[in-house]
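A.B. asks: So here's protein.csv (CSV, C-alpha atoms).
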```csv
chain,number,residue,atom,x,y,z
H,294,MET,CA,-7.1,-22.1,-12.9
H,295,ASP,CA,-7.7,-24.7,-10.2
H,296,GLN,CA,-5.1,-23.0,-8.0
H,297,ILE,CA,-7.0,-19.7,-8.2
H,298,ILE,CA,-10.3,-21.2,-7.4
H,299,SER,CA,-8.9,-23.2,-4.5
H,300,PHE,CA,-7.1,-20.0,-3.2
H,301,ILE,CA,-10.4,-18.0,-3.4
H,302,SER,CA,-12.4,-20.7,-1.7
H,303,THR,CA,-10.0,-21.2,1.2
H,304,ASN,CA,-9.4,-17.4,1.7
H,305,LEU,CA,-13.0,-16.2,1.1
H,306,PRO,CA,-13.3,-14.5,4.6
H,307,MET,CA,-10.0,-12.7,4.0
H,308,ILE,CA,-11.2,-11.5,0.6
H,309,TYR,CA,-14.4,-10.2,2.1
H,310,LEU,CA,-12.3,-8.4,4.8
H,311,LEU,CA,-10.1,-6.9,2.1
H,312,ILE,CA,-13.1,-5.5,0.2
H,313,PHE,CA,-14.6,-4.2,3.4
H,314,THR,CA,-11.4,-2.4,4.4
H,315,VAL,CA,-11.0,-0.8,1.0
H,316,LEU,CA,-14.5,0.6,1.1
H,317,LEU,CA,-14.1,1.7,4.7
H,318,GLY,CA,-10.7,3.3,4.0
H,319,PHE,CA,-12.1,5.2,1.1
H,320,GLU,CA,-15.0,6.5,3.2
H,321,VAL,CA,-12.7,7.5,6.0
H,322,ILE,CA,-10.1,9.2,3.8
H,323,SER,CA,-12.7,11.2,1.9
H,324,LYS,CA,-13.7,12.8,5.3
H,325,VAL,CA,-10.2,14.0,6.3
H,326,PRO,CA,-9.7,17.7,6.5
H,327,THR,CA,-7.0,19.3,4.2
H,328,VAL,CA,-4.8,20.2,7.2
H,329,LEU,CA,-4.3,16.6,8.1
H,330,HIS,CA,-3.3,15.2,4.7
H,331,THR,CA,0.4,15.5,5.3
H,332,PRO,CA,0.5,13.5,8.6
H,333,LEU,CA,-2.0,11.0,7.1
H,334,MET,CA,0.2,10.5,4.1
H,335,SER,CA,3.2,9.8,6.4
H,336,GLY,CA,1.2,7.1,8.1
H,337,ALA,CA,0.2,5.7,4.7
H,338,ASN,CA,3.8,5.6,3.7
H,339,ALA,CA,4.6,3.5,6.8
H,340,ILE,CA,1.8,1.1,6.0
H,341,SER,CA,3.0,0.8,2.4
H,342,GLY,CA,6.4,0.0,3.7
H,343,VAL,CA,5.0,-2.9,5.8
H,344,ILE,CA,3.1,-4.1,2.7
H,345,VAL,CA,6.4,-4.1,0.7
H,346,ILE,CA,8.1,-6.2,3.4
H,347,GLY,CA,5.1,-8.6,3.5
H,348,ALA,CA,5.2,-9.0,-0.3
H,349,ILE,CA,8.9,-9.7,-0.2
H,350,ILE,CA,8.3,-12.4,2.4
H,351,LEU,CA,5.5,-13.8,0.2
H,352,VAL,CA,7.8,-14.0,-2.8
H,353,ARG,CA,10.6,-15.5,-0.7
H,354,ARG,CA,8.4,-18.3,0.8
H,355,SER,CA,6.6,-19.1,-2.5
H,356,ALA,CA,7.4,-22.3,-4.3
H,357,PRO,CA,9.1,-21.7,-7.7
H,358,ASP,CA,6.2,-23.2,-9.6
H,359,ASP,CA,3.5,-21.2,-7.7
H,360,TYR,CA,3.1,-18.5,-10.3
H,361,PHE,CA,0.0,-16.9,-8.6
H,362,SER,CA,1.8,-16.2,-5.4
H,363,LEU,CA,4.9,-15.0,-7.2
H,364,ALA,CA,2.8,-12.6,-9.4
H,365,LEU,CA,0.8,-11.4,-6.4
H,366,GLY,CA,4.0,-10.7,-4.4
H,367,THR,CA,5.7,-9.0,-7.3
H,368,LEU,CA,2.6,-6.8,-7.9
H,369,GLY,CA,2.5,-6.0,-4.1
H,370,ILE,CA,6.2,-5.0,-4.2
H,371,ALA,CA,5.8,-2.8,-7.3
H,372,LEU,CA,2.6,-1.0,-6.2
H,373,GLY,CA,3.8,-0.6,-2.6
H,374,MET,CA,7.1,1.0,-3.8
H,375,VAL,CA,5.3,3.3,-6.2
H,376,ASN,CA,3.1,4.4,-3.2
H,377,VAL,CA,6.0,4.9,-0.9
H,378,VAL,CA,8.2,6.8,-3.3
H,379,GLY,CA,5.3,9.0,-4.5
H,380,GLY,CA,4.1,9.6,-1.0
H,381,PHE,CA,7.5,10.7,0.2
H,382,ALA,CA,7.9,13.0,-2.8
H,383,VAL,CA,4.6,14.7,-2.2
H,384,THR,CA,5.2,15.0,1.5
H,385,ASP,CA,8.6,16.5,0.8
H,386,ARG,CA,7.1,19.1,-1.6
H,387,MET,CA,4.4,20.0,1.0
H,388,LEU,CA,7.0,20.4,3.8
H,389,GLU,CA,9.0,22.7,1.5
H,390,MET,CA,6.1,25.1,1.5
H,391,PHE,CA,6.5,25.6,5.3
H,392,LYS,CA,10.2,26.5,5.1
H,393,LYS,CA,11.2,30.1,5.3
H,394,LYS,CA,12.5,31.6,2.0
H,395,LYS,CA,16.1,32.7,2.0
H,396,LYS,CA,16.6,36.4,1.3
H,397,LYS,CA,19.3,37.3,-1.2
```
Go ahead and express the file in the form of structure tokens.

C.D. replies:
Amino acid sequence: MDQIISFISTNLPMIYLLIFTVLLGFEVISKVPTVLHTPLMSGANAISGVIVIGAIILVRRSAPDDYFSLALGTLGIALGMVNVVGGFAVTDRMLEMFKKKKKK
């Protein structure tokens, strides 16, 4: 518990920045027109890929007894990969709608 409290106290500005960016991102995304959702999703997939790489680096550099960093990194990898795979699947389905149908 002391590790969590010391982590929060040393990284308080970053936590405030994270909360602010989540709220700002939600506000910006809710204003995007429907036509732009596919390109925006491709950009979000790229960002999620960067998050996965950062989480892998976090897990790699964490000490074996630092369970908080290991759990946070593992959670980042899992959620980032779910976002990347799901985003690519949805983007692929949306792009299939624009292909011409083959006549038999």

A.B. asks: Please, what distance in Å, to one decimal, runs between atom CA of H:Arg353 and atom CA of H:Thr367?

C.D. replies: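 Straight-line distance from atom CA of H:Arg353 to atom CA of H:Thr367 works out to 10.5 Å.
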
A.B. asks: Work out how far atom CA of H:Ser299 is from atom CA of H:Phe319, in Å to one decimal.

C.D. replies: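 Atom CA of H:Ser299 lies at a distance of 29.1 Å from atom CA of H:Phe319.
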
A.B. asks: Using Å and a single decimal, report how far atom CA of H:Met374 sits from atom CA of H:Asn338.

C.D. replies: 9.4 Å

A.B. asks: For a quick check of understanding, using all atoms listed in the file, which of H:Ser355, H:Gln296, H:Asn304, H:Asn376 has the smallest distance to H:Ser341?

C.D. replies: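 The answer is H:Asn376, which sits nearest to H:Ser341.
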
A.B. asks: Quick one: what's the axis-aligned box for stretch 322-325 of chain H, all listed atoms, 6 Å on every side, centre and edges in Å to one decimal, as lines of an AutoDock Vina configuration file?

C.D. replies:
```
center_x = -11.9
center_y = 11.6
center_z = 4.1
size_x = 15.6
size_y = 16.8
size_z = 16.4
```

A.B. asks: Pick out the closest residue to H:Ile349 from this set: H:Ile370, H:Leu317, H:Leu333, H:Ala364. Count all atoms listed in the file.

C.D. replies: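 Nearest to H:Ile349: H:Ile370.
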
A.B. asks: Distance table requested - stretch 303-386 of chain H against stretch 390-394 of chain H, cut-off 12 Å, all atoms listed in the file: one row per qualifying residue with the closest atom pair and its distance in Å to one decimal, ordered by chain and rising residue number, as a Markdown table.

C.D. replies:
```
| residue | atom | partner | partner_atom | distance |
| --- | --- | --- | --- | --- |
| H:Thr331 | CA | H:Met390 | CA | 11.8 |
| H:Val383 | CA | H:Met390 | CA | 11.1 |
| H:Thr384 | CA | H:Met390 | CA | 10.1 |
| H:Asp385 | CA | H:Met390 | CA | 9.0 |
| H:Arg386 | CA | H:Met390 | CA | 6.8 |
```

A.B. asks: Name the closest residue to H:Thr327 among the candidates H:Asp359, H:Ser302, H:Lys396, H:Met387; distances are taken between atoms, counting all atoms listed in the file.

C.D. replies: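 Selected residue with least distance to H:Thr327: H:Met387.
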
A.B. asks: Would you mind writing stretch 363-379 of chain H with N, CA and C atoms, as an mmCIF file, keeping the file's coordinate frame?

C.D. replies:
```
data_model
loop_
_atom_site.group_PDB
_atom_site.id
_atom_site.type_symbol
_atom_site.label_atom_id
_atom_site.label_comp_id
_atom_site.auth_asym_id
_atom_site.auth_seq_id
_atom_site.Cartn_x
_atom_site.Cartn_y
_atom_site.Cartn_z
ATOM 1 N N LEU H 363 3.755 -15.778 -6.699
ATOM 2 C CA LEU H 363 4.900 -15.000 -7.200
ATOM 3 C C LEU H 363 4.405 -13.695 -7.861
ATOM 4 N N ALA H 364 3.377 -13.822 -8.687
ATOM 5 C CA ALA H 364 2.800 -12.600 -9.400
ATOM 6 C C ALA H 364 2.189 -11.685 -8.397
ATOM 7 N N LEU H 365 1.449 -12.231 -7.430
ATOM 8 C CA LEU H 365 0.800 -11.400 -6.400
ATOM 9 C C LEU H 365 1.840 -10.654 -5.572
ATOM 10 N N GLY H 366 2.885 -11.341 -5.186
ATOM 11 C CA GLY H 366 4.000 -10.700 -4.400
ATOM 12 C C GLY H 366 4.694 -9.652 -5.195
ATOM 13 N N THR H 367 4.983 -9.942 -6.453
ATOM 14 C CA THR H 367 5.700 -9.000 -7.300
ATOM 15 C C THR H 367 4.793 -7.731 -7.514
ATOM 16 N N LEU H 368 3.507 -7.934 -7.718
ATOM 17 C CA LEU H 368 2.600 -6.800 -7.900
ATOM 18 C C LEU H 368 2.524 -5.994 -6.571
ATOM 19 N N GLY H 369 2.519 -6.673 -5.430
ATOM 20 C CA GLY H 369 2.500 -6.000 -4.100
ATOM 21 C C GLY H 369 3.771 -5.152 -3.937
ATOM 22 N N ILE H 370 4.919 -5.703 -4.320
ATOM 23 C CA ILE H 370 6.200 -5.000 -4.200
ATOM 24 C C ILE H 370 6.152 -3.731 -5.099
ATOM 25 N N ALA H 371 5.750 -3.916 -6.355
ATOM 26 C CA ALA H 371 5.800 -2.800 -7.300
ATOM 27 C C ALA H 371 4.803 -1.690 -6.887
ATOM 28 N N LEU H 372 3.561 -2.042 -6.573
ATOM 29 C CA LEU H 372 2.600 -1.000 -6.200
ATOM 30 C C LEU H 372 2.915 -0.369 -4.863
ATOM 31 N N GLY H 373 3.415 -1.158 -3.924
ATOM 32 C CA GLY H 373 3.800 -0.600 -2.600
ATOM 33 C C GLY H 373 4.958 0.385 -2.768
ATOM 34 N N MET H 374 5.942 0.061 -3.592
ATOM 35 C CA MET H 374 7.100 1.000 -3.800
ATOM 36 C C MET H 374 6.663 2.239 -4.516
ATOM 37 N N VAL H 375 5.761 2.115 -5.487
ATOM 38 C CA VAL H 375 5.300 3.300 -6.200
ATOM 39 C C VAL H 375 4.567 4.227 -5.149
ATOM 40 N N ASN H 376 3.788 3.647 -4.256
ATOM 41 C CA ASN H 376 3.100 4.400 -3.200
ATOM 42 C C ASN H 376 4.061 5.065 -2.256
ATOM 43 N N VAL H 377 5.073 4.318 -1.821
ATOM 44 C CA VAL H 377 6.000 4.900 -0.900
ATOM 45 C C VAL H 377 6.839 6.005 -1.492
ATOM 46 N N VAL H 378 7.382 5.790 -2.681
ATOM 47 C CA VAL H 378 8.200 6.800 -3.300
ATOM 48 C C VAL H 378 7.364 8.053 -3.659
ATOM 49 N N GLY H 379 6.191 7.849 -4.223
ATOM 50 C CA GLY H 379 5.300 9.000 -4.500
ATOM 51 C C GLY H 379 4.857 9.720 -3.308
#
```
